[in-house]
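Student: What follows is the file entry_12.pdb, containing PDB, C-alpha atoms:
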ATOM      1  CA  MET A  28     -47.181   2.530  10.185
ATOM      2  CA  GLN A  29     -43.841   2.832  11.994
ATOM      3  CA  ARG A  30     -40.609   1.489  10.494
ATOM      4  CA  ILE A  31     -37.670   0.459  12.683
ATOM      5  CA  ARG A  32     -34.162  -0.253  11.385
ATOM      6  CA  LEU A  33     -31.998  -2.701  13.305
ATOM      7  CA  ARG A  34     -28.329  -3.654  13.293
ATOM      8  CA  TYR A  35     -27.481  -7.179  14.368
ATOM      9  CA  THR A  36     -24.417  -9.403  14.668
ATOM     10  CA  LYS A  37     -23.328 -12.939  13.832
ATOM     11  CA  ARG A  38     -20.706 -13.969  16.386
ATOM     12  CA  GLY A  39     -18.868 -17.112  17.423
ATOM     13  CA  ARG A  40     -20.349 -20.366  16.198
ATOM     14  CA  LEU A  41     -23.490 -18.536  15.056
ATOM     15  CA  ARG A  42     -21.504 -17.269  12.052
ATOM     16  CA  PHE A  43     -22.310 -20.643  10.480
ATOM     17  CA  THR A  44     -26.046 -19.898  10.466
ATOM     18  CA  SER A  45     -27.506 -19.321   7.032
ATOM     19  CA  HIS A  46     -29.628 -16.310   6.187
ATOM     20  CA  ARG A  47     -32.700 -18.540   6.295
ATOM     21  CA  ASP A  48     -31.699 -19.780   9.777
ATOM     22  CA  PHE A  49     -31.509 -16.173  10.961
ATOM     23  CA  GLN A  50     -34.900 -15.376   9.442
ATOM     24  CA  ARG A  51     -36.529 -18.224  11.380
ATOM     25  CA  ALA A  52     -34.854 -17.194  14.647
ATOM     26  CA  PHE A  53     -35.797 -13.550  14.143
ATOM     27  CA  GLU A  54     -39.451 -14.301  13.382
ATOM     28  CA  ARG A  55     -39.641 -16.413  16.547
ATOM     29  CA  ALA A  56     -38.127 -13.487  18.498
ATOM     30  CA  LEU A  57     -40.780 -11.149  17.059
ATOM     31  CA  ARG A  58     -43.494 -13.432  18.390
ATOM     32  CA  ARG A  59     -41.858 -13.864  21.818
ATOM     33  CA  ALA A  60     -41.406 -10.104  22.185
ATOM     34  CA  GLU A  61     -45.015  -9.541  21.093
ATOM     35  CA  VAL A  62     -43.979  -6.995  18.480
ATOM     36  CA  PRO A  63     -47.029  -5.490  16.706
ATOM     37  CA  MET A  64     -45.850  -6.472  13.244
ATOM     38  CA  ALA A  65     -47.421  -5.359   9.999
ATOM     39  CA  TYR A  66     -48.130  -8.259   7.642
ATOM     40  CA  SER A  67     -48.204  -8.571   3.884
ATOM     41  CA  ALA A  68     -51.471  -9.104   2.050
ATOM     42  CA  GLY A  69     -52.362 -12.265   0.196
ATOM     43  CA  PHE A  70     -53.188 -15.907   0.899
ATOM     44  CA  THR A  71     -50.134 -16.482   3.133
ATOM     45  CA  PRO A  72     -49.369 -13.219   4.984
ATOM     46  CA  HIS A  73     -45.863 -12.859   6.406
ATOM     47  CA  PRO A  74     -44.216 -10.226   8.645
ATOM     48  CA  LYS A  75     -42.970  -7.154   6.800
ATOM     49  CA  VAL A  76     -39.216  -7.564   7.287
ATOM     50  CA  SER A  77     -36.696  -6.232   4.756
ATOM     51  CA  TYR A  78     -33.180  -7.675   4.898
ATOM     52  CA  ALA A  79     -30.236  -5.868   3.345
ATOM     53  CA  ASN A  80     -27.069  -7.473   1.956
ATOM     54  CA  ALA A  81     -26.650 -10.396   4.350
ATOM     55  CA  ALA A  82     -23.147 -11.745   4.968
ATOM     56  CA  PRO A  83     -22.259 -15.153   3.484
ATOM     57  CA  THR A  84     -22.742 -18.249   5.636
ATOM     58  CA  GLY A  85     -19.589 -18.977   7.640
ATOM     59  CA  THR A  86     -18.518 -15.365   8.070
ATOM     60  CA  GLY A  87     -18.954 -13.366  11.253
ATOM     61  CA  SER A  88     -20.417  -9.877  11.206
ATOM     62  CA  GLU A  89     -20.806  -6.848  13.431
ATOM     63  CA  ALA A  90     -22.904  -4.963  10.887
ATOM     64  CA  GLU A  91     -25.975  -6.691   9.456
ATOM     65  CA  TYR A  92     -29.104  -4.604   8.825
ATOM     66  CA  LEU A  93     -32.844  -5.106   8.488
ATOM     67  CA  GLU A  94     -36.025  -3.065   8.654
ATOM     68  CA  ILE A  95     -39.388  -3.995  10.179
ATOM     69  CA  ALA A  96     -42.815  -2.386   9.821
ATOM     70  CA  LEU A  97     -45.091  -2.036  12.870
ATOM     71  CA  THR A  98     -48.813  -1.377  13.203
ATOM     72  CA  ALA A  99     -48.305   0.497  16.497
ATOM     73  CA  GLU A 100     -45.477   2.778  17.618
ATOM     74  CA  ARG A 101     -42.768   1.432  19.888
ATOM     75  CA  ASP A 102     -39.669   2.999  21.444
ATOM     76  CA  PRO A 103     -36.713   1.746  19.324
ATOM     77  CA  ASP A 104     -34.375   1.213  22.304
ATOM     78  CA  LYS A 105     -36.924  -0.781  24.305
ATOM     79  CA  LEU A 106     -37.853  -2.784  21.237
ATOM     80  CA  ARG A 107     -34.188  -3.595  20.648
ATOM     81  CA  GLU A 108     -33.803  -4.851  24.227
ATOM     82  CA  LEU A 109     -36.864  -7.089  23.961
ATOM     83  CA  LEU A 110     -35.747  -8.579  20.657
ATOM     84  CA  ASP A 111     -32.170  -9.093  21.827
ATOM     85  CA  GLU A 112     -33.386 -11.001  24.887
ATOM     86  CA  SER A 113     -35.398 -13.265  22.585
ATOM     87  CA  MET A 114     -32.523 -14.068  20.200
ATOM     88  CA  PRO A 115     -29.816 -16.739  20.608
ATOM     89  CA  VAL A 116     -26.528 -15.496  22.043
ATOM     90  CA  GLY A 117     -24.344 -14.589  19.069
ATOM     91  CA  LEU A 118     -27.247 -13.281  17.018
ATOM     92  CA  ASP A 119     -27.399 -10.009  18.916
ATOM     93  CA  ILE A 120     -29.580  -6.976  18.166
ATOM     94  CA  VAL A 121     -27.184  -4.127  18.937
ATOM     95  CA  ASP A 122     -28.765  -0.973  17.497
ATOM     96  CA  ALA A 123     -32.200   0.363  16.580
ATOM     97  CA  VAL A 124     -33.477   3.606  15.086
ATOM     98  CA  GLU A 125     -36.794   4.763  13.731
ATOM     99  CA  ALA A 126     -36.649   4.977   9.926
ATOM    100  CA  ARG A 127     -37.008   8.656   9.066
ATOM    101  CA  THR A 128     -35.262   8.589   5.687
ATOM    102  CA  SER A 129     -35.568   6.416   2.595
ATOM    103  CA  GLY A 130     -33.154   4.063   0.916
ATOM    104  CA  LEU A 131     -31.315   2.092   3.615
ATOM    105  CA  ALA A 132     -30.201  -0.515   1.082
ATOM    106  CA  ASP A 133     -28.882   2.247  -1.193
ATOM    107  CA  ARG A 134     -26.582   3.384   1.623
ATOM    108  CA  LEU A 135     -24.876  -0.004   1.856
ATOM    109  CA  THR A 136     -22.271   0.526  -0.848
ATOM    110  CA  ALA A 137     -19.165  -0.987   0.776
ATOM    111  CA  SER A 138     -18.022  -3.287   3.577
ATOM    112  CA  VAL A 139     -15.024  -3.425   5.902
ATOM    113  CA  TRP A 140     -13.768  -6.960   6.577
ATOM    114  CA  GLU A 141     -11.156  -8.505   8.860
ATOM    115  CA  LEU A 142      -9.479 -11.683   7.595
ATOM    116  CA  ARG A 143      -7.516 -13.715  10.142
ATOM    117  CA  LEU A 144      -5.058 -16.065   8.439
ATOM    118  CA  ASP A 145      -3.742 -18.573  10.982
ATOM    119  CA  GLY A 146      -0.555 -20.299   9.912
ATOM    120  CA  VAL A 147       0.485 -17.437   7.594
ATOM    121  CA  ALA A 148       3.545 -15.333   8.465
ATOM    122  CA  PRO A 149       2.810 -11.582   8.427
ATOM    123  CA  GLU A 150       5.719 -10.934   6.046
ATOM    124  CA  ASP A 151       4.304 -13.462   3.546
ATOM    125  CA  ALA A 152       0.917 -11.773   3.782
ATOM    126  CA  GLU A 153       2.507  -8.354   3.212
ATOM    127  CA  ARG A 154       4.198  -9.552   0.024
ATOM    128  CA  ALA A 155       0.953 -11.055  -1.250
ATOM    129  CA  VAL A 156      -1.029  -7.911  -0.444
ATOM    130  CA  ALA A 157       1.567  -5.754  -2.221
ATOM    131  CA  ALA A 158       1.313  -7.951  -5.327
ATOM    132  CA  PHE A 159      -2.487  -7.825  -5.253
ATOM    133  CA  ASN A 160      -2.574  -4.038  -4.857
ATOM    134  CA  ALA A 161      -0.066  -3.570  -7.672
ATOM    135  CA  ALA A 162      -2.085  -5.624 -10.146
ATOM    136  CA  GLU A 163      -4.438  -3.852 -12.540
ATOM    137  CA  SER A 164      -6.811  -6.825 -12.475
ATOM    138  CA  VAL A 165      -6.930 -10.169 -10.709
ATOM    139  CA  GLU A 166      -9.148 -12.771 -12.322
ATOM    140  CA  VAL A 167     -10.711 -15.391 -10.054
ATOM    141  CA  GLN A 168     -13.317 -18.080 -10.530
ATOM    142  CA  ARG A 169     -16.368 -18.960  -8.455
ATOM    143  CA  MET A 170     -19.091 -21.524  -8.951
ATOM    144  CA  ALA A 171     -22.398 -19.787  -9.664
ATOM    145  CA  LYS A 172     -25.901 -21.086 -10.369
ATOM    146  CA  ASN A 173     -25.143 -21.200 -14.083
ATOM    147  CA  GLY A 174     -21.715 -22.794 -13.728
ATOM    148  CA  MET A 175     -18.177 -21.543 -13.175
ATOM    149  CA  ARG A 176     -17.859 -17.760 -13.491
ATOM    150  CA  THR A 177     -14.676 -15.750 -14.046
ATOM    151  CA  PHE A 178     -14.481 -12.124 -12.900
ATOM    152  CA  ASP A 179     -12.059  -9.440 -11.697
ATOM    153  CA  ALA A 180     -11.630  -9.363  -7.909
ATOM    154  CA  ARG A 181      -9.278  -6.360  -7.936
ATOM    155  CA  SER A 182     -11.468  -3.527  -9.231
ATOM    156  CA  ALA A 183     -13.960  -3.708  -6.343
ATOM    157  CA  VAL A 184     -11.257  -3.541  -3.647
ATOM    158  CA  ALA A 185     -10.924  -0.008  -2.270
ATOM    159  CA  SER A 186      -8.104  -0.996   0.114
ATOM    160  CA  LEU A 187      -6.314  -4.094   1.359
ATOM    161  CA  GLU A 188      -3.668  -3.969   4.070
ATOM    162  CA  THR A 189      -2.029  -6.083   6.752
ATOM    163  CA  LEU A 190      -2.509  -5.330  10.456
ATOM    164  CA  ARG A 191      -0.553  -6.321  13.529
ATOM    165  CA  PRO A 192      -2.154  -9.214  15.456
ATOM    166  CA  GLN A 193      -3.940  -8.038  18.573
ATOM    167  CA  ALA A 194      -2.049  -8.301  21.846
ATOM    168  CA  ASP A 195      -4.644 -10.653  23.363
ATOM    169  CA  ARG A 196      -4.339 -13.136  20.495
ATOM    170  CA  PRO A 197      -2.024 -16.189  20.793
ATOM    171  CA  THR A 198       1.425 -15.543  19.341
ATOM    172  CA  ASP A 199       2.942 -19.050  19.502
ATOM    173  CA  GLN A 200       2.128 -19.612  15.821
ATOM    174  CA  ALA A 201       2.212 -17.506  12.688
ATOM    175  CA  CYS A 202      -0.866 -15.380  12.099
ATOM    176  CA  ALA A 203      -1.575 -12.597   9.613
ATOM    177  CA  ILE A 204      -4.481 -10.158   9.889
ATOM    178  CA  LEU A 205      -5.820  -8.405   6.789
ATOM    179  CA  ARG A 206      -8.177  -5.440   6.627
ATOM    180  CA  LEU A 207     -10.253  -5.297   3.451
ATOM    181  CA  VAL A 208     -12.558  -2.551   2.224
ATOM    182  CA  VAL A 209     -14.583  -3.726  -0.761
ATOM    183  CA  ARG A 210     -17.239  -1.931  -2.782
ATOM    184  CA  HIS A 211     -20.565  -3.657  -3.358
ATOM    185  CA  VAL A 212     -20.603  -4.280  -7.098
ATOM    186  CA  THR A 213     -22.129  -6.766  -9.521
ATOM    187  CA  PRO A 214     -20.998  -9.503  -9.516
ATOM    188  CA  ALA A 215     -20.351  -9.214  -5.771
ATOM    189  CA  VAL A 216     -16.720  -9.578  -4.694
ATOM    190  CA  ARG A 217     -16.539 -11.467  -1.398
ATOM    191  CA  PRO A 218     -13.618 -11.949   1.004
ATOM    192  CA  ASP A 219     -13.065 -15.488  -0.263
ATOM    193  CA  ASP A 220     -12.700 -14.077  -3.790
ATOM    194  CA  VAL A 221      -9.939 -11.767  -2.541
ATOM    195  CA  LEU A 222      -8.254 -14.750  -0.877
ATOM    196  CA  SER A 223      -8.438 -16.564  -4.223
ATOM    197  CA  GLY A 224      -6.844 -13.487  -5.787
ATOM    198  CA  LEU A 225      -3.988 -13.553  -3.277
ATOM    199  CA  ARG A 226      -3.417 -17.187  -4.165
ATOM    200  CA  ALA A 227      -3.407 -16.314  -7.861
ATOM    201  CA  VAL A 228      -0.942 -13.415  -7.690
ATOM    202  CA  ALA A 229       1.364 -14.596  -4.876
ATOM    203  CA  ASP A 230       0.590 -18.269  -4.203
ATOM    204  CA  LEU A 231      -0.645 -17.377  -0.713
ATOM    205  CA  ALA A 232      -2.613 -20.365   0.577
ATOM    206  CA  PRO A 233      -3.480 -20.409   4.308
ATOM    207  CA  PRO A 234      -3.217 -23.944   5.775
ATOM    208  CA  VAL A 235      -6.594 -23.518   7.520
ATOM    209  CA  ALA A 236      -9.735 -21.665   6.525
ATOM    210  CA  ALA A 237      -9.588 -17.930   7.155
ATOM    211  CA  ALA A 238     -11.695 -16.479   9.980
ATOM    212  CA  VAL A 239     -13.634 -13.681   8.285
ATOM    213  CA  THR A 240     -15.628 -10.955  10.057
ATOM    214  CA  ARG A 241     -17.496  -8.002   8.616
ATOM    215  CA  LEU A 242     -16.706  -5.015  10.827
ATOM    216  CA  ALA A 243     -18.859  -2.397   9.106
ATOM    217  CA  GLN A 244     -20.920  -1.645   6.029
ATOM    218  CA  GLY A 245     -22.384   1.586   4.749
ATOM    219  CA  LEU A 246     -21.712   4.419   2.334
ATOM    220  CA  PHE A 247     -18.168   4.527   0.981
ATOM    221  CA  ASP A 248     -16.555   7.962   1.091
ATOM    222  CA  GLU A 249     -14.161   8.155  -1.863
ATOM    223  CA  GLU A 250     -12.281  11.145  -0.404
ATOM    224  CA  THR A 251     -11.473   9.598   2.976
ATOM    225  CA  GLY A 252     -11.673   5.915   2.091
ATOM    226  CA  THR A 253     -13.983   5.316   5.055
ATOM    227  CA  VAL A 254     -17.301   3.500   5.350
ATOM    228  CA  THR A 255     -19.919   5.582   7.172
ATOM    229  CA  ASP A 256     -22.746   4.501   9.484
ATOM    230  CA  PRO A 257     -25.883   3.897   7.358
ATOM    231  CA  LEU A 258     -28.175   4.678  10.313
ATOM    232  CA  ALA A 259     -26.641   8.120  10.928
ATOM    233  CA  PRO A 260     -29.128   9.992   8.659
ATOM    234  CA  ASP A 261     -32.037   8.531  10.663
ATOM    235  CA  ARG A 262     -30.454   9.600  13.951
ATOM    236  CA  GLU A 263     -29.838  13.075  12.554
ATOM    237  CA  ALA A 264     -33.427  13.322  11.384
ATOM    238  CA  ALA A 265     -34.658  12.260  14.834
ATOM    239  CA  VAL A 266     -32.662  15.076  16.451
ATOM    240  CA  THR A 267     -33.519  17.794  13.938
ATOM    241  CA  GLY A 268     -37.017  16.560  13.135
ATOM    242  CA  ASN A 269     -36.233  17.132   9.478
ATOM    243  CA  SER A 270     -35.896  14.021   7.333
ATOM    244  CA  THR A 271     -35.313  16.072   4.174
ATOM    245  CA  VAL A 272     -32.035  17.456   5.510
ATOM    246  CA  ALA A 273     -30.819  14.020   6.530
ATOM    247  CA  GLU A 274     -31.749  12.471   3.185
ATOM    248  CA  ALA A 275     -29.918  15.244   1.344
ATOM    249  CA  ALA A 276     -26.814  14.628   3.441
ATOM    250  CA  ALA A 277     -26.955  10.894   2.720
ATOM    251  CA  ALA A 278     -27.349  11.541  -1.008
ATOM    252  CA  LYS A 279     -24.079  13.495  -1.143
ATOM    253  CA  ALA A 280     -22.005  10.361  -0.670
ATOM    254  CA  PRO A 281     -21.206   8.487  -3.904
ATOM    255  CA  ALA A 282     -23.160   5.328  -4.578
TER     256      ALA A 282
END
Produce structure tokens that represent the structure in this file.

Tutor:
Amino acid sequence: MQRIRLRYTKRGRLRFTSHRDFQRAFERALRRAEVPMAYSAGFTPHPKVSYANAAPTGTGSEAEYLEIALTAERDPDKLRELLDESMPVGLDIVDAVEARTSGLADRLTASVWELRLDGVAPEDAERAVAAFNAAESVEVQRMAKNGMRTFDARSAVASLETLRPQADRPTDQACAILRLVVRHVTPAVRPDDVLSGLRAVADLAPPVAAAVTRLAQGLFDEETGTVTDPLAPDREAAVTGNSTVAEAAAAKAPA
């Protein structure tokens, strides 16, 4: 049985698709591309697809991951092309590698997010970010299945900073861009929780909903503060032909 790991995106209006919507679209693409899928046992077999840490509905993403199991070997690059052609524009399959190491989900320990705050002056965002970073803890509330839950949104944040708006973006109105690196913890701290924290510590309240995009997710390197590519160990193993070496390298990064 061959396992293939894929990276896909949620762009434009497709960021409003739910995880279940993506699952339906992806399973249709598997059938159109005639992928030789492995199926689960039982009364109602289903394709063996493992999803990892999907982004919340309403947020864009350049770094979503899944793994599929095949009954016959396929070239990852050709498979990616076939699947991408069968998916709606915006739900794009952008990378594929053969799984040669274990524990993809274990390598997704942090995410990098971009938060675009239209109607917020950069200097106001800078003051709010400084207040958030200076706080030892920032309590926020979120509605959960069992009712309202209060938790600390500060401890999971590895870094939060303001960026200059891109040159190709409109400049006739105020706009602040934030870059957020957040560790994957329990309970999960999401970008909207950090925005709630900015409101709590500095009364920063964007007049319109923030445009949120996940730029990357993977292992968080505590020394450099960077998030590494979770598919890199599989690529390394493909080149060296030694999955043990690649798995050992992946294990060095802190979980």

Student: What lies within 8 Å of segment 150-165 of chain A using all atoms listed in the file, ignoring chain neighbours under 6 positions off, as a ChimeraX atom specification?

Tutor: /A:179-182,187-189,203,224-225,227-231

Student: May I have the residues from that selection written out with C-alpha atoms, as a PDB file, in the coordinates of the input?

Tutor:
ATOM      1  CA  ASP A 179     -12.059  -9.440 -11.697  1.00  0.00           C
ATOM      2  CA  ALA A 180     -11.630  -9.363  -7.909  1.00  0.00           C
ATOM      3  CA  ARG A 181      -9.278  -6.360  -7.936  1.00  0.00           C
ATOM      4  CA  SER A 182     -11.468  -3.527  -9.231  1.00  0.00           C
ATOM      5  CA  LEU A 187      -6.314  -4.094   1.359  1.00  0.00           C
ATOM      6  CA  GLU A 188      -3.668  -3.969   4.070  1.00  0.00           C
ATOM      7  CA  THR A 189      -2.029  -6.083   6.752  1.00  0.00           C
ATOM      8  CA  ALA A 203      -1.575 -12.597   9.613  1.00  0.00           C
ATOM      9  CA  GLY A 224      -6.844 -13.487  -5.787  1.00  0.00           C
ATOM     10  CA  LEU A 225      -3.988 -13.553  -3.277  1.00  0.00           C
ATOM     11  CA  ALA A 227      -3.407 -16.314  -7.861  1.00  0.00           C
ATOM     12  CA  VAL A 228      -0.942 -13.415  -7.690  1.00  0.00           C
ATOM     13  CA  ALA A 229       1.364 -14.596  -4.876  1.00  0.00           C
ATOM     14  CA  ASP A 230       0.590 -18.269  -4.203  1.00  0.00           C
ATOM     15  CA  LEU A 231      -0.645 -17.377  -0.713  1.00  0.00           C
TER      16      LEU A 231
END

Student: I would like the residues chosen by the PyMOL selection byres ((chain A and resi 56) around 10) on the shown file; could you give them as a list in words?

Tutor: Gln50, Arg51, Ala52, Phe53, Glu54, Arg55, Leu57, Arg58, Arg59, Ala60, Glu61, Val62, Leu109, Leu110, Asp111, Glu112, Ser113, Met114 and Pro115 of chain A

Student: Would you kindly return, as number ranges by chain, each protein, DNA or RNA residue with an atom no farther than 9 Å from any atom of Pro218 of chain A, considering all atoms listed in the file and excluding same-chain residues fewer than 4 positions away?

Tutor: A: 140-142, 207, 209, 222-223, 239

Student: Sort by chain and increasing residue number a table of all residues of segment 118-150 of chain A within 8 Å of segment 95-103 of chain A, each with its closest pair of atoms and their distance in Å to one decimal, counting only C-alpha atoms, and write it as CSV.

Tutor:
residue,atom,partner,partner_atom,distance
A:Ala123,CA,A:Pro103,CA,5.5
A:Val124,CA,A:Pro103,CA,5.6
A:Glu125,CA,A:Pro103,CA,6.4

Student: Applied to the shown file, which residues does the PyMOL selection byres ((chain A and resi 252-259) around 10) return, written as a ChimeraX atom specification?

Tutor: /A:32-34,90,92,122-128,130-139,185-186,208-210,243-251,260-265,273,276-277,280

Student: Find, counting all atoms listed in the file, the residue in A:Val221, A:Ala215, A:Ala183, A:Ala236 that gets nearest to Ala82 of chain A.

Tutor: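 Answer, going by the shortest atom-to-atom distance: A:Ala215.
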
Student: Applied to the shown file, which residues does the PyMOL selection byres ((chain A and resi 86) around 8) return, written as a PyMOL selection string?

Tutor: chain A and resi 37+42-43+82-85+87-88+238-241

Student: As an exercise, work out the distance from atom CA of Leu93 of chain A to atom CA of His46 of chain A in Å and give it to one decimal place.

Tutor: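 We find that atom CA of Leu93 of chain A and atom CA of His46 of chain A lie 11.9 Å from each other.
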
Student: Could you work out how far atom CA of Pro72 of chain A lies from atom CA of Ser129 of chain A, giving the answer in Å with one decimal?

Tutor: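 Distance between the two atoms: 24.1 Å.
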
Student: Just the number, please: distance in Å from atom CA of Glu91 of chain A to atom CA of Ala79 of chain A, one decimal.

Tutor: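 Separation between atom CA of Glu91 of chain A and atom CA of Ala79 of chain A: 7.5 Å.
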
Student: Using all atoms listed in the file, can you tell me which of A:Arg226, A:Phe70, A:Ile31, A:Arg143 comes closest to Lys105 of chain A?

Tutor: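 Among A:Arg226, A:Phe70, A:Ile31, A:Arg143, it is A:Ile31 that comes nearest to Lys105 of chain A.
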
Student: Return the single residue from A:Asp145, A:Asp48, A:Asp119, A:Glu89 that is closest to Arg107 of chain A, with distances computed using all atoms listed in the file.

Tutor: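 So, comparing all the options, the nearest one is A:Asp119.
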
Student: Please identify all polymer residues within 7 Å of Pro74 of chain A, counting all atoms listed in the file, omitting same-chain residues fewer than 6 positions from it, and present them as a VMD selection string.

Tutor: chain A and resid 64 to 67
